[in-house]
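K.L.:
Here you go, this is coords_17.pdb (PDB, C-alpha atoms).
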```pdb
ATOM      1  CA  MET A 244      44.682   7.171  30.626
ATOM      2  CA  THR A 245      43.127   6.332  27.245
ATOM      3  CA  ASP A 246      43.926   3.168  25.313
ATOM      4  CA  LYS A 247      45.933   5.277  22.872
ATOM      5  CA  ASP A 248      47.999   6.677  25.737
ATOM      6  CA  LYS A 249      48.559   3.217  27.104
ATOM      7  CA  ASN A 250      49.578   1.949  23.673
ATOM      8  CA  LEU A 251      52.086   4.779  23.449
ATOM      9  CA  GLU A 252      53.593   3.895  26.805
ATOM     10  CA  ILE A 253      53.890   0.215  25.904
ATOM     11  CA  LEU A 254      55.300   0.806  22.423
ATOM     12  CA  ASP A 255      57.640   3.518  23.685
ATOM     13  CA  ALA A 256      59.011   1.208  26.353
ATOM     14  CA  ILE A 257      59.313  -1.760  23.983
ATOM     15  CA  TYR A 258      61.155   0.273  21.391
ATOM     16  CA  GLN A 259      63.333   1.885  24.028
ATOM     17  CA  GLU A 260      64.481  -1.545  25.160
ATOM     18  CA  ALA A 261      64.863  -2.758  21.579
ATOM     19  CA  ALA A 262      66.842   0.363  20.630
ATOM     20  CA  LEU A 263      69.182   0.026  23.600
ATOM     21  CA  ASP A 264      69.696  -3.608  22.701
ATOM     22  CA  ALA A 265      70.442  -2.695  19.069
ATOM     23  CA  ALA A 266      72.937  -0.049  20.188
ATOM     24  CA  GLU A 267      74.648  -2.568  22.405
ATOM     25  CA  THR A 268      74.712  -5.666  20.230
ATOM     26  CA  GLY A 269      73.506  -4.743  16.741
ATOM     27  CA  LYS A 270      75.387  -4.193  13.494
ATOM     28  CA  ASN A 271      75.347  -1.312  11.060
ATOM     29  CA  PRO A 272      74.852  -1.610   7.305
ATOM     30  CA  PRO A 273      78.043  -0.760   5.366
ATOM     31  CA  GLU A 274      76.702   2.634   4.258
ATOM     32  CA  ASP A 275      76.716   3.841   7.861
ATOM     33  CA  ARG A 276      80.511   3.847   7.883
ATOM     34  CA  PRO A 277      81.037   6.776   5.444
ATOM     35  CA  TRP A 278      78.183   8.584   7.149
ATOM     36  CA  ALA A 279      79.886   8.180  10.541
ATOM     37  CA  ARG A 280      83.175   9.392   9.061
ATOM     38  CA  GLU A 281      81.470  12.531   7.736
ATOM     39  CA  VAL A 282      79.788  13.132  11.101
ATOM     40  CA  GLY A 283      83.216  12.787  12.732
ATOM     41  CA  LYS A 284      84.726  15.423  10.439
ATOM     42  CA  ARG A 285      81.912  17.878  11.111
ATOM     43  CA  VAL A 286      82.089  17.321  14.834
ATOM     44  CA  GLN A 287      85.845  17.937  14.830
ATOM     45  CA  ALA A 288      85.363  21.148  12.869
ATOM     46  CA  ARG A 289      82.720  22.344  15.311
ATOM     47  CA  LEU A 290      84.860  21.445  18.321
ATOM     48  CA  ALA A 291      87.768  23.380  16.828
ATOM     49  CA  GLU A 292      85.486  26.368  16.362
ATOM     50  CA  LEU A 293      84.281  26.151  19.962
ATOM     51  CA  ARG A 294      87.919  26.013  21.103
ATOM     52  CA  ARG A 295      88.799  29.083  19.067
ATOM     53  CA  ASN A 296      85.902  30.910  20.725
ATOM     54  CA  LEU A 297      87.475  30.239  24.116
ATOM     55  CA  VAL A 298      90.654  32.149  23.221
ATOM     56  CA  PRO A 299      90.249  35.735  24.432
ATOM     57  CA  ALA A 300      90.149  38.388  21.754
ATOM     58  CA  ALA A 301      93.440  40.162  21.066
ATOM     59  CA  THR A 302      94.094  43.164  23.316
ATOM     60  CA  PRO A 303      93.531  46.329  21.290
ATOM     61  CA  VAL A 304      96.727  48.118  20.286
ATOM     62  CA  VAL A 305      97.169  51.317  22.273
ATOM     63  CA  GLN A 306      98.858  54.105  20.424
ATOM     64  CA  ALA A 307     101.972  55.477  22.120
ATOM     65  CA  GLN A 308     101.734  58.950  23.625
ATOM     66  CA  PRO A 309     103.789  61.614  21.851
ATOM     67  CA  ILE A 310     107.287  62.041  23.341
ATOM     68  CA  ARG A 311     107.668  65.103  25.515
ATOM     69  CA  PRO A 312     109.511  67.971  23.776
ATOM     70  CA  SER A 313     111.943  68.221  26.758
ATOM     71  CA  LEU A 314     113.072  64.622  26.078
ATOM     72  CA  LEU A 315     113.104  65.104  22.322
ATOM     73  CA  ALA A 316     115.655  67.858  22.866
ATOM     74  CA  LEU A 317     118.122  65.478  24.539
ATOM     75  CA  GLY A 318     120.772  63.546  22.629
ATOM     76  CA  ARG A 319     121.747  59.904  23.303
ATOM     77  CA  ASP A 320     124.458  60.653  25.918
ATOM     78  CA  ALA A 321     122.168  62.995  27.818
ATOM     79  CA  LEU A 322     119.395  60.413  27.725
ATOM     80  CA  ILE A 323     121.672  57.682  29.171
ATOM     81  CA  ALA A 324     122.898  60.097  31.857
ATOM     82  CA  LYS A 325     119.295  60.944  32.747
ATOM     83  CA  LEU A 326     118.434  57.260  32.917
ATOM     84  CA  ASP A 327     121.396  56.617  35.264
ATOM     85  CA  GLU A 328     120.324  59.518  37.427
ATOM     86  CA  LEU A 329     116.735  58.217  37.568
ATOM     87  CA  THR A 330     117.906  54.713  38.464
ATOM     88  CA  ARG A 331     120.036  56.051  41.300
ATOM     89  CA  ARG A 332     117.244  58.301  42.562
ATOM     90  CA  LEU A 333     114.484  55.717  42.488
ATOM     91  CA  GLY A 334     116.730  52.923  43.787
ATOM     92  CA  SER A 335     115.453  49.340  43.942
ATOM     93  CA  SER A 336     111.961  50.335  42.841
ATOM     94  CA  VAL A 337     113.320  50.710  39.307
ATOM     95  CA  GLN A 338     113.467  47.575  37.230
ATOM     96  CA  TYR A 339     113.631  47.343  33.490
ATOM     97  CA  ALA A 340     114.408  44.445  31.194
ATOM     98  CA  HIS A 341     117.197  46.062  29.142
ATOM     99  CA  ARG A 342     120.681  45.273  30.388
ATOM    100  CA  LYS A 343     122.430  46.606  27.323
ATOM    101  CA  LEU A 344     121.112  49.971  26.335
ATOM    102  CA  GLU A 345     122.938  49.852  22.976
ATOM    103  CA  GLY A 346     120.052  47.747  21.697
ATOM    104  CA  LEU A 347     117.615  50.608  22.269
ATOM    105  CA  SER A 348     117.072  53.487  19.879
ATOM    106  CA  ASP A 349     117.050  57.065  21.142
ATOM    107  CA  ASP A 350     113.268  57.109  21.071
ATOM    108  CA  ASP A 351     113.203  53.808  23.033
ATOM    109  CA  LEU A 352     115.338  55.509  25.679
ATOM    110  CA  ARG A 353     113.033  58.530  25.718
ATOM    111  CA  ARG A 354     109.975  56.272  26.195
ATOM    112  CA  LEU A 355     111.749  54.297  28.937
ATOM    113  CA  ILE A 356     112.520  57.522  30.794
ATOM    114  CA  ASP A 357     108.948  58.672  30.276
ATOM    115  CA  THR A 358     107.657  55.414  31.763
ATOM    116  CA  LEU A 359     109.965  55.659  34.813
ATOM    117  CA  ASP A 360     109.356  59.343  35.366
ATOM    118  CA  PRO A 361     106.152  60.493  33.686
ATOM    119  CA  ASP A 362     106.483  63.959  35.181
TER     120      ASP A 362
ATOM    121  CA  MET B 108      76.309  14.372   1.879
ATOM    122  CA  THR B 109      75.837  17.728   3.581
ATOM    123  CA  MET B 110      75.465  18.317   7.245
ATOM    124  CA  THR B 111      76.133  21.086   9.670
ATOM    125  CA  PHE B 112      76.154  21.087  13.414
ATOM    126  CA  GLY B 113      74.842  23.882  15.528
ATOM    127  CA  HIS B 114      74.804  27.569  14.700
ATOM    128  CA  ALA B 115      71.092  27.927  15.315
ATOM    129  CA  GLU B 116      70.364  31.529  14.562
ATOM    130  CA  GLY B 117      67.634  33.954  15.412
ATOM    131  CA  ASN B 118      66.374  32.078  18.439
ATOM    132  CA  GLY B 119      67.102  34.953  20.783
ATOM    133  CA  ARG B 120      69.320  32.843  23.011
ATOM    134  CA  ALA B 121      72.756  33.826  24.145
ATOM    135  CA  PRO B 122      75.342  31.735  22.279
ATOM    136  CA  PHE B 123      76.373  28.606  24.135
ATOM    137  CA  VAL B 124      80.006  28.793  25.230
ATOM    138  CA  PRO B 125      81.141  25.451  26.645
ATOM    139  CA  SER B 126      84.152  25.108  28.913
ATOM    140  CA  GLU B 127      87.423  23.547  27.826
ATOM    141  CA  GLU B 128      86.550  20.518  30.005
ATOM    142  CA  TRP B 129      83.220  20.141  28.193
ATOM    143  CA  ILE B 130      84.947  20.257  24.804
ATOM    144  CA  GLU B 131      87.550  17.729  25.929
ATOM    145  CA  ALA B 132      84.891  15.367  27.278
ATOM    146  CA  PHE B 133      82.949  15.608  24.018
ATOM    147  CA  GLU B 134      86.063  15.008  21.936
ATOM    148  CA  ALA B 135      87.113  12.021  24.036
ATOM    149  CA  GLN B 136      83.780  10.266  23.615
ATOM    150  CA  ALA B 137      82.812  11.302  20.088
ATOM    151  CA  THR B 138      84.095   8.441  17.960
ATOM    152  CA  GLU B 139      82.839   6.987  14.689
ATOM    153  CA  GLU B 140      81.915   3.870  16.638
ATOM    154  CA  LEU B 141      79.743   5.984  18.942
ATOM    155  CA  TYR B 142      77.936   7.585  15.990
ATOM    156  CA  GLN B 143      77.223   4.150  14.562
ATOM    157  CA  ARG B 144      75.913   2.865  17.910
ATOM    158  CA  VAL B 145      73.688   5.905  18.275
ATOM    159  CA  LYS B 146      72.434   5.416  14.750
ATOM    160  CA  ARG B 147      71.521   1.795  15.539
ATOM    161  CA  TYR B 148      69.557   3.144  18.474
ATOM    162  CA  ALA B 149      67.896   5.797  16.288
ATOM    163  CA  ARG B 150      66.994   3.275  13.584
ATOM    164  CA  VAL B 151      64.941   1.198  16.022
ATOM    165  CA  ARG B 152      63.364   4.245  17.646
ATOM    166  CA  ALA B 153      62.313   5.455  14.197
ATOM    167  CA  ARG B 154      60.099   2.387  13.864
ATOM    168  CA  LEU B 155      57.942   3.755  16.664
ATOM    169  CA  VAL B 156      57.289   6.880  14.598
ATOM    170  CA  ALA B 157      56.552   4.758  11.560
ATOM    171  CA  TYR B 158      53.821   2.947  13.464
ATOM    172  CA  ALA B 159      52.018   6.255  13.913
ATOM    173  CA  GLY B 160      51.793   6.571  10.155
ATOM    174  CA  ARG B 161      54.710   8.831   9.337
ATOM    175  CA  PRO B 162      56.859   7.610   6.461
ATOM    176  CA  ILE B 163      60.380   7.062   7.715
ATOM    177  CA  ASP B 164      63.516   6.905   5.635
ATOM    178  CA  GLU B 165      67.286   6.939   6.061
ATOM    179  CA  LEU B 166      67.370  10.759   6.021
ATOM    180  CA  TYR B 167      65.032  10.902   9.002
ATOM    181  CA  ILE B 168      67.253   8.497  10.922
ATOM    182  CA  ASN B 169      70.375  10.510  10.063
ATOM    183  CA  ASP B 170      68.596  13.686  11.150
ATOM    184  CA  LEU B 171      67.730  12.153  14.502
ATOM    185  CA  VAL B 172      71.426  11.653  15.250
ATOM    186  CA  GLN B 173      72.717  14.837  13.644
ATOM    187  CA  ASP B 174      70.062  17.068  15.219
ATOM    188  CA  ALA B 175      70.834  15.619  18.647
ATOM    189  CA  ILE B 176      74.519  16.477  18.153
ATOM    190  CA  GLY B 177      73.772  19.915  16.680
ATOM    191  CA  ASP B 178      71.360  20.841  19.454
ATOM    192  CA  THR B 179      73.984  19.811  21.987
ATOM    193  CA  PHE B 180      76.543  22.092  20.342
ATOM    194  CA  ASP B 181      74.001  24.918  20.397
ATOM    195  CA  GLY B 182      73.228  24.364  24.060
ATOM    196  CA  VAL B 183      69.579  23.682  23.201
ATOM    197  CA  LEU B 184      70.116  20.254  24.752
ATOM    198  CA  ALA B 185      72.219  20.662  27.862
ATOM    199  CA  TRP B 186      74.834  17.963  28.308
ATOM    200  CA  ASP B 187      76.617  17.604  31.645
ATOM    201  CA  PRO B 188      79.622  15.303  31.064
ATOM    202  CA  GLU B 189      79.930  14.711  34.792
ATOM    203  CA  ARG B 190      76.433  13.287  35.059
ATOM    204  CA  VAL B 191      75.891  11.272  31.890
ATOM    205  CA  THR B 192      77.870   9.868  28.981
ATOM    206  CA  LEU B 193      77.586  11.506  25.585
ATOM    207  CA  GLU B 194      76.021   8.324  24.199
ATOM    208  CA  ARG B 195      73.293   8.263  26.837
ATOM    209  CA  HIS B 196      72.694  11.982  26.355
ATOM    210  CA  LEU B 197      72.212  11.541  22.592
ATOM    211  CA  GLN B 198      69.968   8.530  23.166
ATOM    212  CA  CYS B 199      67.786  10.571  25.526
ATOM    213  CA  ALA B 200      67.515  13.336  22.945
ATOM    214  CA  ILE B 201      66.493  10.851  20.241
ATOM    215  CA  HIS B 202      64.063   9.166  22.616
ATOM    216  CA  SER B 203      62.286  12.474  23.311
ATOM    217  CA  ARG B 204      62.228  13.465  19.670
ATOM    218  CA  THR B 205      60.839  10.143  18.400
ATOM    219  CA  ARG B 206      58.209  10.081  21.127
ATOM    220  CA  HIS B 207      57.198  13.626  20.176
ATOM    221  CA  ASP B 208      57.144  12.736  16.467
ATOM    222  CA  TYR B 209      55.033   9.649  17.200
ATOM    223  CA  VAL B 210      52.418  11.689  19.081
ATOM    224  CA  HIS B 211      52.497  14.420  16.441
ATOM    225  CA  ALA B 212      52.085  11.922  13.596
ATOM    226  CA  LEU B 213      49.134  10.283  15.375
ATOM    227  CA  ARG B 214      47.468  13.655  15.938
ATOM    228  CA  PHE B 215      48.082  14.769  12.374
ATOM    229  CA  ARG B 216      46.623  11.531  11.086
ATOM    230  CA  GLN B 217      43.586  11.886  13.349
ATOM    231  CA  GLU B 218      42.976  15.449  12.181
ATOM    232  CA  ARG B 219      43.219  14.318   8.591
ATOM    233  CA  ILE B 220      40.648  11.603   9.199
ATOM    234  CA  ASP B 221      38.334  13.965  11.138
ATOM    235  CA  THR B 222      38.479  16.512   8.355
ATOM    236  CA  GLY B 223      37.856  13.732   5.893
ATOM    237  CA  SER B 224      34.616  12.754   7.593
ATOM    238  CA  ARG B 225      33.256  16.282   7.200
ATOM    239  CA  LYS B 226      34.272  17.204   3.720
ATOM    240  CA  THR B 227      33.715  15.272   0.593
ATOM    241  CA  LEU B 228      36.858  16.573  -1.056
ATOM    242  CA  ALA B 229      38.912  15.570   1.980
ATOM    243  CA  GLU B 230      37.240  12.181   1.994
ATOM    244  CA  VAL B 231      38.363  11.718  -1.540
ATOM    245  CA  GLU B 232      41.861  12.818  -0.554
ATOM    246  CA  THR B 233      41.960  10.310   2.323
ATOM    247  CA  THR B 234      40.782   7.536   0.078
ATOM    248  CA  LEU B 235      43.354   8.475  -2.521
ATOM    249  CA  ALA B 236      46.053   8.638   0.140
ATOM    250  CA  ARG B 237      45.197   5.123   1.245
ATOM    251  CA  ALA B 238      45.192   3.977  -2.348
ATOM    252  CA  ARG B 239      48.658   5.464  -2.712
ATOM    253  CA  GLY B 240      49.708   3.242   0.129
ATOM    254  CA  GLU B 241      50.205   5.949   2.738
ATOM    255  CA  PRO B 242      50.794   4.407   6.132
ATOM    256  CA  GLU B 243      48.237   4.184   8.882
ATOM    257  CA  ASP B 244      48.544   3.895  12.644
ATOM    258  CA  ALA B 245      49.903   0.394  13.081
ATOM    259  CA  SER B 246      50.410   0.529  16.839
ATOM    260  CA  ASP B 247      47.203  -1.380  17.624
ATOM    261  CA  ARG B 248      48.240  -4.141  15.250
ATOM    262  CA  VAL B 249      51.743  -4.260  16.661
ATOM    263  CA  LEU B 250      50.525  -4.668  20.221
ATOM    264  CA  ALA B 251      47.859  -7.190  19.234
ATOM    265  CA  GLU B 252      50.484  -9.248  17.422
ATOM    266  CA  LEU B 253      52.868  -8.991  20.355
ATOM    267  CA  HIS B 254      50.240 -10.171  22.804
ATOM    268  CA  GLN B 255      49.426 -13.004  20.423
ATOM    269  CA  LEU B 256      53.075 -14.050  20.269
ATOM    270  CA  ALA B 257      53.454 -13.780  24.030
ATOM    271  CA  VAL B 258      50.249 -15.613  24.884
ATOM    272  CA  ARG B 259      52.141 -18.487  26.507
ATOM    273  CA  ASP B 260      54.601 -16.257  28.304
ATOM    274  CA  PRO B 261      52.903 -14.684  31.327
ATOM    275  CA  ASP B 262      56.054 -12.820  32.335
ATOM    276  CA  VAL B 263      56.253 -10.995  29.013
ATOM    277  CA  ILE B 264      52.533 -10.226  29.199
ATOM    278  CA  GLU B 265      53.124  -8.849  32.684
ATOM    279  CA  MET B 266      56.023  -6.746  31.447
ATOM    280  CA  LEU B 267      53.853  -5.282  28.670
ATOM    281  CA  ARG B 268      51.113  -4.572  31.210
ATOM    282  CA  LEU B 269      53.584  -2.758  33.442
ATOM    283  CA  PHE B 270      54.871  -0.740  30.481
ATOM    284  CA  GLY B 271      51.267   0.357  29.910
ATOM    285  CA  ALA B 272      51.120   1.484  33.525
ATOM    286  CA  GLN B 273      54.340   3.485  33.012
ATOM    287  CA  VAL B 274      56.365   1.091  35.118
ATOM    288  CA  ILE B 275      59.331   0.965  32.805
ATOM    289  CA  LYS B 276      62.636   1.071  34.639
ATOM    290  CA  LYS B 277      64.252  -2.171  35.650
ATOM    291  CA  ASP B 278      64.240  -1.352  39.354
ATOM    292  CA  ASP B 279      60.565  -0.436  39.276
ATOM    293  CA  ILE B 280      59.630  -3.604  37.398
ATOM    294  CA  VAL B 281      61.628  -5.756  39.773
ATOM    295  CA  ARG B 282      59.955  -4.044  42.724
ATOM    296  CA  ALA B 283      56.475  -4.394  41.231
ATOM    297  CA  THR B 284      56.825  -8.053  40.289
ATOM    298  CA  GLY B 285      59.151  -9.399  42.917
ATOM    299  CA  TRP B 286      61.328 -10.874  40.146
ATOM    300  CA  ASN B 287      65.042 -11.152  40.648
ATOM    301  CA  THR B 288      67.415  -9.539  38.167
ATOM    302  CA  LYS B 289      67.953 -12.788  36.303
ATOM    303  CA  ARG B 290      64.243 -13.268  35.726
ATOM    304  CA  TYR B 291      63.876  -9.639  34.630
ATOM    305  CA  GLN B 292      66.745  -9.973  32.147
ATOM    306  CA  ALA B 293      65.389 -13.237  30.749
ATOM    307  CA  THR B 294      61.905 -11.735  30.326
ATOM    308  CA  ARG B 295      63.331  -8.648  28.658
ATOM    309  CA  LYS B 296      65.333 -10.832  26.293
ATOM    310  CA  ARG B 297      62.282 -12.910  25.370
ATOM    311  CA  MET B 298      60.225  -9.779  24.801
ATOM    312  CA  LEU B 299      62.867  -8.371  22.464
ATOM    313  CA  ARG B 300      62.955 -11.700  20.640
ATOM    314  CA  LEU B 301      59.195 -11.466  20.162
ATOM    315  CA  VAL B 302      59.582  -7.983  18.701
ATOM    316  CA  GLN B 303      62.008  -9.510  16.213
ATOM    317  CA  GLN B 304      59.422 -12.195  15.448
ATOM    318  CA  LEU B 305      56.704  -9.719  14.552
ATOM    319  CA  PRO B 306      55.593 -10.394  10.987
ATOM    320  CA  ASN B 307      57.465  -8.222   8.543
ATOM    321  CA  ASP B 308      54.373  -6.413   7.364
ATOM    322  CA  VAL B 309      53.735  -5.339  10.955
ATOM    323  CA  ARG B 310      57.303  -4.746  12.058
ATOM    324  CA  GLU B 311      58.147  -2.747   9.002
ATOM    325  CA  ALA B 312      54.768  -1.047   8.793
ATOM    326  CA  ALA B 313      54.989   2.352   7.213
ATOM    327  CA  MET B 314      58.753   2.086   6.862
ATOM    328  CA  ALA B 315      59.746   3.413   3.488
ATOM    329  CA  SER B 316      63.334   2.252   3.636
ATOM    330  CA  ALA B 317      64.461   2.406   7.252
TER     331      ALA B 317
END
```
Since I need it in another form, could you write the structure as structure tokens?

P.N.:
Amino acid sequence: MTDKDKNLEILDAIYQEAALDAAETGKNPPEDRPWAREVGKRVQARLAELRRNLVPAATPVVQAQPIRPSLLALGRDALIAKLDELTRRLGSSVQYAHRKLEGLSDDDLRRLIDTLDPD
Amino acid sequence: MTMTFGHAEGNGRAPFVPSEEWIEAFEAQATEELYQRVKRYARVRARLVAYAGRPIDELYINDLVQDAIGDTFDGVLAWDPERVTLERHLQCAIHSRTRHDYVHALRFRQERIDTGSRKTLAEVETTLARARGEPEDASDRVLAELHQLAVRDPDVIEMLRLFGAQVIKKDDIVRATGWNTKRYQATRKRMLRLVQQLPNDVREAAMASA
């Protein structure tokens, strides 16, 4: 180890101890306060950005398949009758979230039937 | 005042994506008080670089802190919240950087002097640089002054000797000397007091405004 290397080790260690001591017990000049505030703002902005990056990207919208012509030909009463018939046929395996079918349009009914019985 | 954190581009690395726990740990520890403590640490570490002849100012000290934070956000400096506090992590980053800058400044200065000894024009430049008051390597003077101040304190002299032998950590010093913790702490305190007692022209050598 050269003298220069040794000097580096000594100075590095001295100033490590002195720096730790300053961090622990020292005081900042007044101008450090606005600086620290600005650092805080930037850090918060960056943290918010990192958080946003954690949210998964929105699922792409899938376009609905065209409604089958055989269903398009049916009126509302026929659609409800077909839905009842499907529900009876498929039994407990059929579950859908709509208790009152009045809230659904004719096309909603057609798509519901298509989902339950794609064939 | 302008500053940005992170977003290093074009380095070919995959972007760093920290976990929610990492973000929460950072947020919990990152206070204005912490930044000020880290800056106090950085301000003293910057003196080391100044001794190697590099002019140091407030911007350099701010950069030490801000770069440590930015590099952590970029994942260039890996921080494991379960192993070390954010403050200690930033201190380690600043320690490495100032040590690197010290060595670099010494080498740059040496190259400048070597070139100066070969070329007349460079000699003139070196002379002019000195006339302009550009800093020189003050580390020899600092250590000579410290030894002078500590001449009647064999424990401090021993501590400096151990530092030179890369025995730096408290446990290692205690093991090497046989001191108890109290004696180690007292010696450390006296050594730090001696650093404070270094004459201003030595202590503040090369410091532009730090």

K.L.:
Distance atom CA of Asp350 of chain A-atom CA of Arg319 of chain A, one decimal place?

P.N.:
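Between these atoms lies a distance of 9.2 Å.
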
K.L.:
Give me, as a PyMOL selection string, the contact residues of chain A against chain B at a cut-off of 12 Å, counting only C-alpha atoms.

P.N.:
chain A and resi 244-298

K.L.:
To one decimal in Å, tell me the separation between atom CA of Asp279 of chain B and atom CA of Thr294 of chain B.

P.N.:
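That distance, rounded to one decimal, is 14.5 Å.
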
K.L.:
Which centre and edge lengths in Å to one decimal define the box along x, y and z that fits every listed atom of segment 197-205 of chain B plus 3 Å per side, as AutoDock Vina command-line options?

P.N.:
```
--center_x 66.5 --center_y 11.0 --center_z 22.0 --size_x 17.4 --size_y 10.9 --size_z 13.1
```

K.L.:
At what distance in Å, to one decimal, does atom CA of Ile201 of chain B lie from atom CA of Ala135 of chain B?

P.N.:
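A separation of 21.0 Å between them.
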
K.L.:
Tell me which of A:Ala324, A:Leu315, A:Leu333, A:Ala300 sits closest to Asp349 of chain A, counting only C-alpha atoms.

P.N.:
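The closest residue to Asp349 of chain A is A:Leu315.
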
K.L.:
Skip Leu326 of chain A itself and residues of its chain fewer than 4 positions away, then list as number ranges by chain all residues within 7 Å of it, counting all atoms listed in the file.

P.N.:
A: 322, 330, 356
